[in-house]
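Q: So that we are looking at the same thing, I have put the structure below in structure tokens.
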Amino acid sequence: MKKITISKEEIATLNNESFNGHIYIIDTLADAKKALAYLSKQKLIGFDTETRPSFKKGAVRQMALMQLSTYDECFLFRVNKTGMPDILINFLEDKNITKIGLSLKDDFGVLRRSSNSACPEGFIDLQAFVKQFNINDISLQKIYAILFDKRISKSQRLSNWEAPQLTKAQCDYAALDAWACLEIYLYLTSGKFNPETSKYLREIQDPIINNNNETN
């Protein structure tokens with residue numbers, strides 16, 4: 001069967017993508033209120049979260065950062081400092097604002113550790129959404145590379161998201177991930193992408209056949 005897929009080796013040859021919009025660090029309740037008053041007027045928002053990595057078996061950490069992005073602005077909510085205020089929870093539960101993310105099951109799991117009362121609504125998970133376009137890959141880096149021939153660097157993924165001050169590299173990385181989710185959705189819904197003409201359309205083995213072969 002033919003599916004759209006890209007290899008790590010192909011991604012490595014691509015130029016890095018960057019977010020060129022404005023980045024705002026939100027680390028006080030007052031700033032959160034102002035940012036959410038603006039974001040609540042938007043119809044589409046890119047969404048992502050970051051959690052400080054734990055290198056100890058069994059150790060679990062709460063969410064440190066939540067990224068909410070428009071087309072040209074990204075707001076980095078340092079929830080490790082502000083907590084999860086009601087206004088932020090209300091935003092996440094607003095079904096009239098479409099939030100675009102990826103691997104939302106993981107994000108929601110971390111969110112529940114930070115706020116048991118949050119019941120997110122109005123979310124679209126790109127991992128499921130891209131399947132209708134015959135895209136076989138489900139990582140943000142691969143999906144973005146397939147659509148835009150650009151590479152999203154993951155070099156900051158395991159950095160300390162609870163640091164007193166975030167570095168510029170951390171801010172750029174965090175903003176790019178949320179913005180990229182929105183960009184992918186906008187591009188796929190624009191009608192500009194034709195799965196049949198993608199240069200990454202290629203024959204892949206049926207996973208069911210593969211599994212049968214492995215058990216025989």
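Scheme for the structure tokens: letters A, B, ... for chains in order shown; per-chain residue numbers from 1; ligand numbers from 1 in order shown.
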Could you pull the residues within 6 Å of Gly46 (chain A), counting only C-alpha atoms, minus those fewer than 2 positions along the same chain, as a ChimeraX atom specification?
A: /A:68-69,99-100,178-179,181-182
Q: Among region 10-202 of chain A, which ones does DSSP assign to strand (DSSP E or B) (computed from the backbone)? Answer as number ranges by chain.
A: A: 16, 22-26, 44-50, 65-69, 73-77, 98-101, 123-125, 135, 151, 201-202
Q: Counting only C-alpha atoms, figure out which residue out of A:Ser139, A:Asn194, A:Ser153, A:Ser114 gets nearest to Ser7 (chain A).
A: A:Ser139
Q: Which residues, written as a PyMOL selection string, have at least one atom at most 9 Å from Arg202 (chain A), with only C-alpha atoms counted and residues fewer than 5 positions away on the same chain left out?
A: chain A and resi 1-5
Q: May I have a table of the residues of region 89-202 of chain A lying at most 12 Å from region 26-34 of chain A, giving each one's closest pair of atoms and their distance in Å to one decimal, counting only C-alpha atoms, ordered by chain and ascending residue number, as a Markdown table?
A:
| residue | atom | partner | partner_atom | distance |
| --- | --- | --- | --- | --- |
| A:Ile89 | CA | A:Ala32 | CA | 11.5 |
| A:Asn90 | CA | A:Lys33 | CA | 11.5 |
| A:Phe91 | CA | A:Lys33 | CA | 10.8 |
| A:Glu162 | CA | A:Asp27 | CA | 11.7 |
| A:Pro164 | CA | A:Asp27 | CA | 10.7 |
| A:Gln165 | CA | A:Asp27 | CA | 10.4 |
| A:Leu166 | CA | A:Asp27 | CA | 11.1 |
| A:Cys171 | CA | A:Ile26 | CA | 11.6 |
Q: Those same residues, written as an mmCIF file, in the first residue's frame with N, CA and C atoms?
A:
data_model
loop_
_atom_site.group_PDB
_atom_site.id
_atom_site.type_symbol
_atom_site.label_atom_id
_atom_site.label_comp_id
_atom_site.auth_asym_id
_atom_site.auth_seq_id
_atom_site.Cartn_x
_atom_site.Cartn_y
_atom_site.Cartn_z
ATOM 1 N N ILE A 89 -8.215 27.561 32.900
ATOM 2 C CA ILE A 89 -9.038 26.349 32.804
ATOM 3 C C ILE A 89 -10.279 26.623 31.959
ATOM 4 N N ASN A 90 -10.904 27.781 32.175
ATOM 5 C CA ASN A 90 -12.098 28.141 31.394
ATOM 6 C C ASN A 90 -11.770 28.224 29.903
ATOM 7 N N PHE A 91 -10.594 28.745 29.584
ATOM 8 C CA PHE A 91 -10.169 28.824 28.190
ATOM 9 C C PHE A 91 -10.032 27.425 27.590
ATOM 10 N N GLU A 162 11.573 24.269 34.260
ATOM 11 C CA GLU A 162 11.274 24.927 35.530
ATOM 12 C C GLU A 162 12.386 25.886 35.945
ATOM 13 N N PRO A 164 14.586 29.189 36.596
ATOM 14 C CA PRO A 164 14.127 30.527 36.994
ATOM 15 C C PRO A 164 13.850 31.427 35.789
ATOM 16 N N GLN A 165 14.708 31.340 34.769
ATOM 17 C CA GLN A 165 14.517 32.103 33.542
ATOM 18 C C GLN A 165 14.674 31.152 32.355
ATOM 19 N N LEU A 166 13.734 31.209 31.435
ATOM 20 C CA LEU A 166 13.856 30.408 30.229
ATOM 21 C C LEU A 166 14.843 31.071 29.278
ATOM 22 N N CYS A 171 12.524 29.334 24.600
ATOM 23 C CA CYS A 171 11.339 30.088 24.168
ATOM 24 C C CYS A 171 11.059 29.858 22.689
#
Q: Please, which residues in region 144-167 of chain A fall within 12 Å of region 133-137 of chain A when counting only C-alpha atoms, and what is the closest atom pair and distance in Å to one decimal for each, ordered by chain then residue number, as CSV?
A:
residue,atom,partner,partner_atom,distance
A:Tyr144,CA,A:Asp137,CA,10.0
A:Ala145,CA,A:Asp137,CA,10.3
A:Ile146,CA,A:Ile135,CA,8.5
A:Leu147,CA,A:Ile135,CA,9.8
Q: Show which residues sit within 9 Å of Ile138 (chain A), as a PDB file with N, CA and C atoms, in the first residue's frame. Count only C-alpha atoms, and ignore same-chain residues fewer than 2 positions away.
A:
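Ended up saving to part_18.pdb:
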ATOM      1  N   LEU A 102      -1.015  18.014  19.371  1.00  0.00           N
ATOM      2  CA  LEU A 102      -0.564  16.711  18.888  1.00  0.00           C
ATOM      3  C   LEU A 102      -0.247  15.834  20.091  1.00  0.00           C
ATOM      4  N   SER A 103      -0.665  14.591  20.026  1.00  0.00           N
ATOM      5  CA  SER A 103      -0.516  13.655  21.139  1.00  0.00           C
ATOM      6  C   SER A 103      -1.167  14.231  22.401  1.00  0.00           C
ATOM      7  N   LEU A 126      -3.774  16.329  15.987  1.00  0.00           N
ATOM      8  CA  LEU A 126      -3.242  16.157  14.630  1.00  0.00           C
ATOM      9  C   LEU A 126      -2.885  14.711  14.319  1.00  0.00           C
ATOM     10  N   GLN A 127      -2.546  13.935  15.324  1.00  0.00           N
ATOM     11  CA  GLN A 127      -2.191  12.540  15.059  1.00  0.00           C
ATOM     12  C   GLN A 127      -3.344  11.800  14.401  1.00  0.00           C
ATOM     13  N   ALA A 128      -4.561  12.120  14.798  1.00  0.00           N
ATOM     14  CA  ALA A 128      -5.741  11.510  14.169  1.00  0.00           C
ATOM     15  C   ALA A 128      -6.135  12.275  12.911  1.00  0.00           C
ATOM     16  N   VAL A 130      -4.422  13.932  10.617  1.00  0.00           N
ATOM     17  CA  VAL A 130      -3.633  13.784   9.379  1.00  0.00           C
ATOM     18  C   VAL A 130      -3.897  12.470   8.663  1.00  0.00           C
ATOM     19  N   LYS A 131      -4.530  11.518   9.324  1.00  0.00           N
ATOM     20  CA  LYS A 131      -4.761  10.219   8.688  1.00  0.00           C
ATOM     21  C   LYS A 131      -5.639  10.328   7.453  1.00  0.00           C
ATOM     22  N   ILE A 135      -1.332  10.497   5.528  1.00  0.00           N
ATOM     23  CA  ILE A 135      -0.035  10.681   6.176  1.00  0.00           C
ATOM     24  C   ILE A 135       0.136   9.604   7.234  1.00  0.00           C
ATOM     25  N   ASN A 136       1.187   8.827   7.092  1.00  0.00           N
ATOM     26  CA  ASN A 136       1.404   7.680   7.966  1.00  0.00           C
ATOM     27  C   ASN A 136       2.121   8.054   9.262  1.00  0.00           C
ATOM     28  N   LEU A 140       5.265  15.374  15.349  1.00  0.00           N
ATOM     29  CA  LEU A 140       5.180  16.741  14.843  1.00  0.00           C
ATOM     30  C   LEU A 140       6.304  17.017  13.859  1.00  0.00           C
ATOM     31  N   GLN A 141       7.497  16.574  14.193  1.00  0.00           N
ATOM     32  CA  GLN A 141       8.647  16.826  13.334  1.00  0.00           C
ATOM     33  C   GLN A 141       8.442  16.217  11.947  1.00  0.00           C
ATOM     34  N   LYS A 142       7.951  14.996  11.892  1.00  0.00           N
ATOM     35  CA  LYS A 142       7.772  14.324  10.600  1.00  0.00           C
ATOM     36  C   LYS A 142       6.619  14.906   9.801  1.00  0.00           C
ATOM     37  N   ILE A 143       5.508  15.186  10.458  1.00  0.00           N
ATOM     38  CA  ILE A 143       4.363  15.757   9.746  1.00  0.00           C
ATOM     39  C   ILE A 143       4.745  17.107   9.145  1.00  0.00           C
TER      40      ILE A 143
END
Q: Go through A:Leu39, A:Arg151, A:Ser115, A:Ala175 and flag the residue nearest Gly21 (chain A), using only C-alpha atoms for the distances.
A: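 Comparing A:Leu39, A:Arg151, A:Ser115, A:Ala175 against Gly21 (chain A), the winner is A:Ala175.
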Q: Report the residues of region 22-74 of chain A whose backbone DSSP state falls under helix (DSSP H, G or I), written as a VMD selection string.
A: chain A and resid 29 to 39
Q: Between A:Asp48, A:Pro53, A:Ser155, A:Phe129, which one has atoms that come closest to Leu111 (chain A), using only C-alpha atoms?
A: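 Result for the nearest residue to Leu111 (chain A): A:Asp48.
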Q: Find, counting only C-alpha atoms, the residue in A:Asp72, A:Glu93, A:Glu203, A:Asp149 that gets nearest to Thr13 (chain A).
A: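 Closest candidate: A:Asp149.
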Q: Considering only C-alpha atoms, return as a list in words whatever protein or nucleic-acid residues lie within 8 Å of Glu121 (chain A), sequence-local ones (same chain, fewer than 3 positions apart) excluded.
A: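 In the requested format, the answer is Leu92, Glu93, Asp94 and Lys95 of chain A.
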Q: Could you tell me which of A:Leu65, A:Leu44, A:Ile152, A:Leu176 comes closest to Ala12 (chain A) if we count only C-alpha atoms?
A: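 Using only C-alpha atoms, Ala12 (chain A) sits closest to A:Ile152.
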Q: Mind giving me the straight-line distance from CA of Phe77 (chain A) to CA of Ile25 (chain A) in Å, one decimal?
A: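 Taking CA of Phe77 (chain A) and CA of Ile25 (chain A), their separation equals 6.3 Å.
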Q: For CA of Glu17 (chain A) and CA of Glu183 (chain A), quote the distance in Å rounded to one decimal.
A: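 Going from CA of Glu17 (chain A) over to CA of Glu183 (chain A), I get 11.9 Å.
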Q: Which residue is closest to Glu73 (chain A)? Choose from A:Leu188, A:Ile45, A:Val110, A:Leu158 and count only C-alpha atoms.
A: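 Of the candidates, the smallest distance to Glu73 (chain A) is held by A:Ile45.
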